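K.L.:
File name entry.tsv; file contents TSV, C-alpha atoms; full text below.
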chain	number	residue	atom	x	y	z
A	1420	MET	CA	-253.57	-101.25	-54.18
A	1421	ALA	CA	-256.84	-102.65	-52.88
A	1422	GLN	CA	-259.01	-101.32	-50.09
A	1423	TYR	CA	-259.98	-103.66	-47.28
A	1424	LEU	CA	-262.44	-103.33	-44.43
A	1425	LEU	CA	-261.86	-105.91	-41.71
A	1426	ILE	CA	-264.64	-105.98	-39.11
A	1427	GLU	CA	-263.64	-107.59	-35.82
A	1428	SER	CA	-266.49	-108.47	-33.45
A	1429	ARG	CA	-264.67	-110.70	-30.96
A	1430	ASP	CA	-263.03	-109.94	-27.66
A	1431	PRO	CA	-259.27	-110.67	-27.78
A	1432	PHE	CA	-259.42	-111.72	-24.13
A	1433	GLU	CA	-261.89	-114.43	-25.16
A	1434	SER	CA	-260.59	-115.57	-28.55
A	1435	ASN	CA	-257.01	-115.99	-29.71
A	1436	ASP	CA	-258.30	-115.91	-33.28
A	1437	VAL	CA	-258.38	-112.14	-32.94
A	1438	THR	CA	-254.60	-112.07	-33.04
A	1439	TYR	CA	-254.65	-113.83	-36.40
A	1440	TYR	CA	-257.10	-111.23	-37.68
A	1441	TYR	CA	-254.77	-108.45	-36.55
A	1442	ASP	CA	-251.98	-110.29	-38.39
A	1443	LEU	CA	-254.12	-110.35	-41.51
A	1444	ALA	CA	-254.64	-106.60	-41.24
A	1445	LYS	CA	-250.90	-106.05	-40.82
A	1446	GLY	CA	-250.06	-108.32	-43.73
A	1447	LEU	CA	-252.47	-106.56	-46.04
A	1448	ALA	CA	-251.14	-103.16	-45.02
A	1449	ASP	CA	-247.53	-104.30	-45.40
A	1450	GLY	CA	-248.48	-105.43	-48.88
A	1451	GLY	CA	-249.36	-101.88	-49.82
A	1452	ASN	CA	-253.10	-102.08	-49.38
A	1453	GLU	CA	-255.37	-99.58	-47.65
A	1454	VAL	CA	-256.75	-101.35	-44.58
A	1455	THR	CA	-259.41	-100.31	-42.10
A	1456	LEU	CA	-259.92	-102.43	-38.99
A	1457	PHE	CA	-263.36	-101.71	-37.55
A	1458	LEU	CA	-263.90	-102.97	-34.01
A	1459	ALA	CA	-267.48	-103.76	-33.06
A	1460	GLN	CA	-269.24	-105.45	-30.16
A	1461	ASN	CA	-266.82	-107.03	-27.66
A	1462	ALA	CA	-263.87	-106.29	-29.94
A	1463	VAL	CA	-263.92	-102.72	-28.62
A	1464	LEU	CA	-262.78	-104.01	-25.23
A	1465	ALA	CA	-259.27	-104.06	-26.69
A	1466	ALA	CA	-259.52	-100.36	-27.47
A	1467	ARG	CA	-259.26	-99.55	-23.75
A	1468	PRO	CA	-255.78	-99.14	-22.35
A	1469	SER	CA	-255.13	-102.74	-21.33
A	1470	ALA	CA	-252.83	-105.71	-21.76
A	1471	ARG	CA	-254.26	-106.35	-25.22
A	1472	SER	CA	-254.35	-102.81	-26.56
A	1473	ALA	CA	-250.71	-102.44	-27.58
A	1474	ALA	CA	-251.37	-104.58	-30.64
A	1475	LEU	CA	-253.94	-102.11	-31.89
A	1476	SER	CA	-251.60	-99.17	-31.44
A	1477	ALA	CA	-248.92	-101.09	-33.33
A	1478	LEU	CA	-251.33	-101.72	-36.19
A	1479	ALA	CA	-252.14	-98.03	-36.34
A	1480	ARG	CA	-248.46	-97.13	-36.45
A	1481	GLY	CA	-248.09	-99.63	-39.28
A	1482	GLY	CA	-250.64	-97.86	-41.44
A	1483	VAL	CA	-253.89	-99.63	-40.53
A	1484	LYS	CA	-256.78	-97.30	-39.79
A	1485	VAL	CA	-258.20	-98.63	-36.52
A	1486	LEU	CA	-261.75	-97.57	-35.66
A	1487	ALA	CA	-264.05	-98.56	-32.82
A	1488	ASP	CA	-267.83	-98.57	-33.14
A	1489	ASP	CA	-269.13	-95.66	-31.06
A	1490	PHE	CA	-272.33	-97.51	-30.10
A	1491	SER	CA	-270.39	-100.54	-28.84
A	1492	LEU	CA	-268.11	-98.22	-26.87
A	1493	ARG	CA	-271.06	-96.44	-25.23
A	1494	GLU	CA	-272.74	-99.75	-24.39
A	1495	ARG	CA	-269.61	-100.79	-22.51
A	1496	GLY	CA	-268.91	-97.44	-20.86
A	1497	ILE	CA	-265.61	-96.99	-22.68
A	1498	SER	CA	-264.55	-93.41	-23.30
A	1499	LYS	CA	-260.76	-93.52	-23.12
A	1500	LEU	CA	-259.13	-95.11	-26.15
A	1501	VAL	CA	-255.56	-96.17	-26.70
A	1502	GLU	CA	-253.28	-94.33	-29.07
A	1503	GLY	CA	-254.11	-94.96	-32.69
A	1504	VAL	CA	-257.75	-95.94	-32.20
A	1505	ALA	CA	-260.61	-93.56	-32.99
A	1506	ALA	CA	-264.34	-93.87	-32.37
A	1507	ALA	CA	-266.51	-94.04	-35.49
A	1508	PRO	CA	-270.18	-94.50	-36.33
A	1509	ILE	CA	-271.54	-97.64	-37.97
A	1510	ASP	CA	-272.06	-95.50	-41.07
A	1511	THR	CA	-268.36	-96.06	-41.70
A	1512	VAL	CA	-269.07	-99.69	-42.57
A	1513	VAL	CA	-271.70	-98.67	-45.11
A	1514	ASP	CA	-269.36	-96.01	-46.52
A	1515	CYS	CA	-266.70	-98.64	-47.10
A	1516	LEU	CA	-269.15	-101.15	-48.57
A	1517	ALA	CA	-270.53	-98.51	-50.93
A	1518	ALA	CA	-267.00	-97.54	-51.95
A	1519	GLY	CA	-266.23	-101.14	-52.86
A	1520	HIS	CA	-263.83	-102.08	-50.08
A	1521	LYS	CA	-263.26	-105.81	-49.81
A	1522	THR	CA	-265.06	-106.52	-46.56
A	1523	LEU	CA	-264.60	-109.37	-44.10
A	1524	TRP	CA	-266.35	-110.04	-40.79
A	1525	HIS	CA	-264.79	-111.97	-37.97
B	727	MET	CA	-273.78	-90.24	-53.48
B	728	SER	CA	-274.98	-92.59	-56.20
B	729	LYS	CA	-277.46	-95.33	-55.43
B	730	LYS	CA	-275.85	-98.57	-54.44
B	731	ALA	CA	-276.93	-102.18	-54.13
B	732	LEU	CA	-275.60	-104.07	-51.14
B	733	THR	CA	-276.03	-107.69	-50.11
B	734	VAL	CA	-275.82	-108.94	-46.54
B	735	ALA	CA	-275.90	-112.61	-45.56
B	736	LEU	CA	-277.04	-113.40	-42.03
B	737	MET	CA	-276.75	-116.72	-40.22
B	738	ASP	CA	-277.43	-116.08	-36.54
B	739	PRO	CA	-280.84	-116.98	-35.06
B	740	PRO	CA	-282.99	-114.38	-33.33
B	741	TYR	CA	-282.23	-113.37	-29.74
B	742	GLU	CA	-278.87	-115.09	-29.44
B	743	SER	CA	-276.11	-112.94	-30.90
B	744	GLU	CA	-275.11	-109.30	-30.86
B	745	ASN	CA	-274.15	-109.83	-34.50
B	746	LEU	CA	-277.77	-109.21	-35.42
B	747	THR	CA	-277.93	-105.91	-33.55
B	748	THR	CA	-274.92	-104.72	-35.50
B	749	ALA	CA	-276.32	-106.15	-38.73
B	750	PHE	CA	-279.62	-104.32	-38.33
B	751	ARG	CA	-277.74	-101.09	-37.57
B	752	ILE	CA	-275.76	-101.48	-40.81
B	753	LEU	CA	-278.91	-102.31	-42.77
B	754	ASP	CA	-280.70	-99.32	-41.24
B	755	VAL	CA	-277.99	-96.94	-42.47
B	756	ALA	CA	-278.23	-98.42	-45.97
B	757	ALA	CA	-282.03	-98.13	-45.87
B	758	ARG	CA	-281.90	-94.48	-44.81
B	759	ARG	CA	-279.61	-93.79	-47.77
B	760	GLY	CA	-282.15	-95.33	-50.14
B	761	TYR	CA	-279.84	-98.11	-51.24
B	762	ASP	CA	-281.16	-101.30	-52.75
B	763	ILE	CA	-280.57	-104.01	-50.18
B	764	ASN	CA	-280.52	-107.77	-50.51
B	765	VAL	CA	-280.59	-109.94	-47.41
B	766	PHE	CA	-280.06	-113.67	-47.52
B	767	ALA	CA	-281.29	-115.12	-44.22
B	768	TYR	CA	-279.54	-118.45	-43.89
B	769	GLU	CA	-279.57	-121.15	-41.21
B	770	GLY	CA	-280.82	-119.72	-37.90
B	771	ALA	CA	-281.39	-116.30	-39.45
B	772	SER	CA	-284.25	-117.81	-41.45
B	773	GLY	CA	-286.32	-117.30	-38.28
B	774	LEU	CA	-285.82	-113.54	-38.14
B	775	ALA	CA	-288.95	-112.78	-40.16
B	776	PHE	CA	-291.10	-115.49	-38.56
B	777	THR	CA	-294.42	-113.79	-37.86
B	778	ARG	CA	-295.47	-115.83	-34.82
B	779	GLN	CA	-292.84	-114.24	-32.58
B	780	MET	CA	-294.56	-112.65	-29.60
B	781	PRO	CA	-293.40	-109.86	-27.32
B	782	HIS	CA	-293.67	-110.88	-23.70
B	783	PRO	CA	-294.08	-109.30	-20.26
B	784	ASN	CA	-291.42	-109.54	-17.59
B	785	PRO	CA	-293.13	-110.67	-14.41
B	786	VAL	CA	-289.84	-110.82	-12.53
B	787	HIS	CA	-289.48	-107.07	-12.99
B	788	GLY	CA	-293.23	-106.47	-12.67
B	789	LYS	CA	-293.61	-105.19	-16.23
B	790	ASN	CA	-296.50	-105.92	-18.58
B	791	VAL	CA	-296.05	-106.36	-22.33
B	792	ALA	CA	-296.24	-102.63	-23.08
B	793	GLU	CA	-293.86	-101.69	-20.26
B	794	GLU	CA	-291.36	-104.36	-21.22
B	795	ASN	CA	-291.51	-103.18	-24.86
B	796	HIS	CA	-289.72	-106.31	-25.97
B	797	PRO	CA	-288.37	-105.95	-29.50
B	798	THR	CA	-288.97	-108.75	-31.97
B	799	THR	CA	-286.87	-109.37	-35.04
B	800	LYS	CA	-290.00	-109.71	-37.17
B	801	ASP	CA	-290.84	-106.10	-36.32
B	802	GLN	CA	-287.28	-105.05	-37.10
B	803	VAL	CA	-287.54	-106.73	-40.51
B	804	ALA	CA	-290.88	-105.01	-41.16
B	805	ALA	CA	-289.41	-101.65	-40.09
B	806	LEU	CA	-286.44	-102.17	-42.39
B	807	LEU	CA	-288.78	-102.88	-45.29
B	808	ALA	CA	-290.73	-99.68	-44.57
B	809	GLU	CA	-287.61	-97.54	-44.14
B	810	THR	CA	-286.09	-98.78	-47.39
B	811	GLU	CA	-289.27	-98.10	-49.34
B	812	LYS	CA	-289.70	-94.67	-47.74
B	813	ASN	CA	-286.27	-93.63	-48.98
B	814	GLY	CA	-286.67	-94.95	-52.51
B	815	GLY	CA	-284.74	-98.15	-52.11
B	816	LYS	CA	-285.74	-101.77	-52.44
B	817	LEU	CA	-285.27	-104.54	-49.90
B	818	ASP	CA	-285.27	-108.10	-51.19
B	819	TRP	CA	-285.26	-110.30	-48.06
B	820	VAL	CA	-284.91	-113.99	-48.84
B	821	ASN	CA	-285.43	-116.70	-46.24
B	822	CYS	CA	-283.56	-119.91	-47.06
B	823	GLY	CA	-286.30	-122.42	-47.81
B	824	MET	CA	-284.62	-125.54	-46.45
B	825	CYS	CA	-283.60	-123.69	-43.29
B	826	VAL	CA	-287.17	-122.48	-42.86
B	827	ASP	CA	-288.57	-125.98	-43.28
B	828	GLU	CA	-286.14	-127.47	-40.79
B	829	ARG	CA	-287.20	-124.94	-38.20
B	830	GLY	CA	-290.91	-124.73	-38.99
B	831	VAL	CA	-290.74	-120.96	-39.44
B	832	GLY	CA	-292.47	-120.71	-42.80
B	833	GLU	CA	-294.79	-117.82	-41.96
B	834	PHE	CA	-292.87	-114.74	-43.09
B	835	VAL	CA	-293.28	-111.01	-42.66
B	836	PRO	CA	-295.11	-109.77	-45.81
B	837	GLY	CA	-292.59	-108.46	-48.29
B	838	THR	CA	-290.03	-111.16	-47.57
B	839	ARG	CA	-289.88	-114.36	-49.56
B	840	ARG	CA	-288.71	-117.95	-49.64
B	841	GLY	CA	-285.58	-118.72	-51.64
B	842	SER	CA	-282.37	-120.71	-51.86
B	843	PRO	CA	-278.61	-120.21	-51.98
B	844	ALA	CA	-279.08	-119.62	-55.70
B	845	ASP	CA	-280.68	-116.31	-54.74
B	846	PHE	CA	-277.59	-115.44	-52.74
B	847	HIS	CA	-275.45	-116.14	-55.80
B	848	ALA	CA	-277.66	-113.87	-57.88
B	849	PHE	CA	-277.47	-111.18	-55.20
B	850	VAL	CA	-273.68	-111.32	-55.22
B	851	GLU	CA	-273.58	-111.02	-58.99
B	852	ALA	CA	-275.90	-108.00	-58.97
B	853	SER	CA	-274.54	-106.08	-55.98
B	854	ASP	CA	-271.88	-103.42	-55.56
B	855	ASN	CA	-270.64	-105.19	-52.46
B	856	VAL	CA	-271.36	-108.08	-50.11
B	857	LEU	CA	-271.03	-108.56	-46.37
B	858	VAL	CA	-271.26	-112.06	-44.92
B	859	ILE	CA	-271.83	-112.18	-41.17
B	860	PRO	CA	-271.16	-115.75	-40.04
B	861	THR	CA	-272.01	-117.36	-36.74
B	862	LYS	CA	-269.27	-117.59	-34.14
Would you mind giving the structure from this file in structure tokens?
P.N.:
Amino acid sequence: MAQYLLIESRDPFESNDVTYYYDLAKGLADGGNEVTLFLAQNAVLAARPSARSAALSALARGGVKVLADDFSLRERGISKLVEGVAAAPIDTVVDCLAAGHKTLWH
Amino acid sequence: MSKKALTVALMDPPYESENLTTAFRILDVAARRGYDINVFAYEGASGLAFTRQMPHPNPVHGKNVAEENHPTTKDQVAALLAETEKNGGKLDWVNCGMCVDERGVGEFVPGTRRGSPADFHAFVEASDNVLVIPTK
């Protein structure tokens, strides 16, 4: 089992590529890997209860750890998160890098 | 926590993308931990350490230079160098030479250097992990 950190920076309302990145996270998790999806910048817009947030909750139920950058959330005035998504500091990214997680940025 | 060596590749030019804000936040955490850090500044990012960047006033808002307190990426690079050294780490910041020449940004913050993608390859070989932050 490998450990993956997938960093998503894009807004799913702006880019359909985000859906493919979610699919990658799901595929890796379904394959028995430990997967963290870290939302940063406009990607945290999907962490609000909205038309696009159900996909994140589904990922969380499927075993993906879904985190949202606390700084990006504060910048955008987001305090209420959908089920399965937790706020986290940017230190999380460095923790994962230091621990050797395979890390991708989108 | 044991000392680590991390490599980050940047491609975005100054003042255009939030990617760089996030990148500097990540680098700052690594610097505070005393990690050894390698940065390969590629394409537009080769201008991040360009020393002739100038903070500016904001006459529309009636602010002078001090009041506007406009951040420059060259100062952020210099601060990152200082923070890394203060905590016992080492920052090797390489500006892609061809990218620098194309853009005429060959005057670097002291402590950064000119290099090539071969340096990035060496960084990858020597690091515990690598993060590539591409342009959108």
K.L.:
Could you list the residues in chain B lying within 9 Å of chain A, using all atoms listed in the file, and format the result as a count of residues only?
P.N.:
20
K.L.:
Please provide the set of residues having any atom within 12 Å of Ala805 in chain B, restricted to all atoms listed in the file, with same-chain residues fewer than 4 positions apart removed, written as a tab-separated table (two decimals) with C-alpha atoms, keeping the file's coordinate frame.
P.N.:
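The result, written out as part.tsv:
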chain	number	residue	atom	x	y	z
B	750	PHE	CA	-279.62	-104.32	-38.33
B	751	ARG	CA	-277.74	-101.09	-37.57
B	753	LEU	CA	-278.91	-102.31	-42.77
B	754	ASP	CA	-280.70	-99.32	-41.24
B	757	ALA	CA	-282.03	-98.13	-45.87
B	758	ARG	CA	-281.90	-94.48	-44.81
B	775	ALA	CA	-288.95	-112.78	-40.16
B	797	PRO	CA	-288.37	-105.95	-29.50
B	798	THR	CA	-288.97	-108.75	-31.97
B	799	THR	CA	-286.87	-109.37	-35.04
B	800	LYS	CA	-290.00	-109.71	-37.17
B	801	ASP	CA	-290.84	-106.10	-36.32
B	809	GLU	CA	-287.61	-97.54	-44.14
B	810	THR	CA	-286.09	-98.78	-47.39
B	811	GLU	CA	-289.27	-98.10	-49.34
B	812	LYS	CA	-289.70	-94.67	-47.74
B	817	LEU	CA	-285.27	-104.54	-49.90
B	835	VAL	CA	-293.28	-111.01	-42.66
B	836	PRO	CA	-295.11	-109.77	-45.81
B	837	GLY	CA	-292.59	-108.46	-48.29
K.L.:
Determine the axis-aligned bounding box of all atoms of range 1451-1459 of chain A present in the file, pad each side by 6 Å, and express its centre and edge lengths in Å to one decimal place as AutoDock Vina command-line options.
P.N.:
--center_x -258.4 --center_y -101.7 --center_z -41.4 --size_x 30.1 --size_y 16.2 --size_z 28.8
K.L.:
For a quick check of your reading of the model, name the residues lying within 12 Å of the coordinate (-286.0, -114.0, -34.7), counting all atoms listed in the file, and write them as a PyMOL selection string.
P.N.:
chain B and resi 736-743+746-747+767+769-781+797-803+821+826+829+831+834-835
K.L.:
As JSON, numbers by chain, please: the residues near Leu1475 in chain A (cut-off 12 Å, only C-alpha atoms, same-chain neighbours under 4 positions excluded).
P.N.:
{"A": [1427, 1431, 1437, 1438, 1440, 1441, 1442, 1444, 1445, 1455, 1456, 1457, 1458, 1462, 1463, 1464, 1465, 1466, 1467, 1468, 1469, 1470, 1471, 1479, 1480, 1481, 1482, 1483, 1484, 1485, 1486, 1487, 1500, 1501, 1502, 1503, 1504, 1505]}
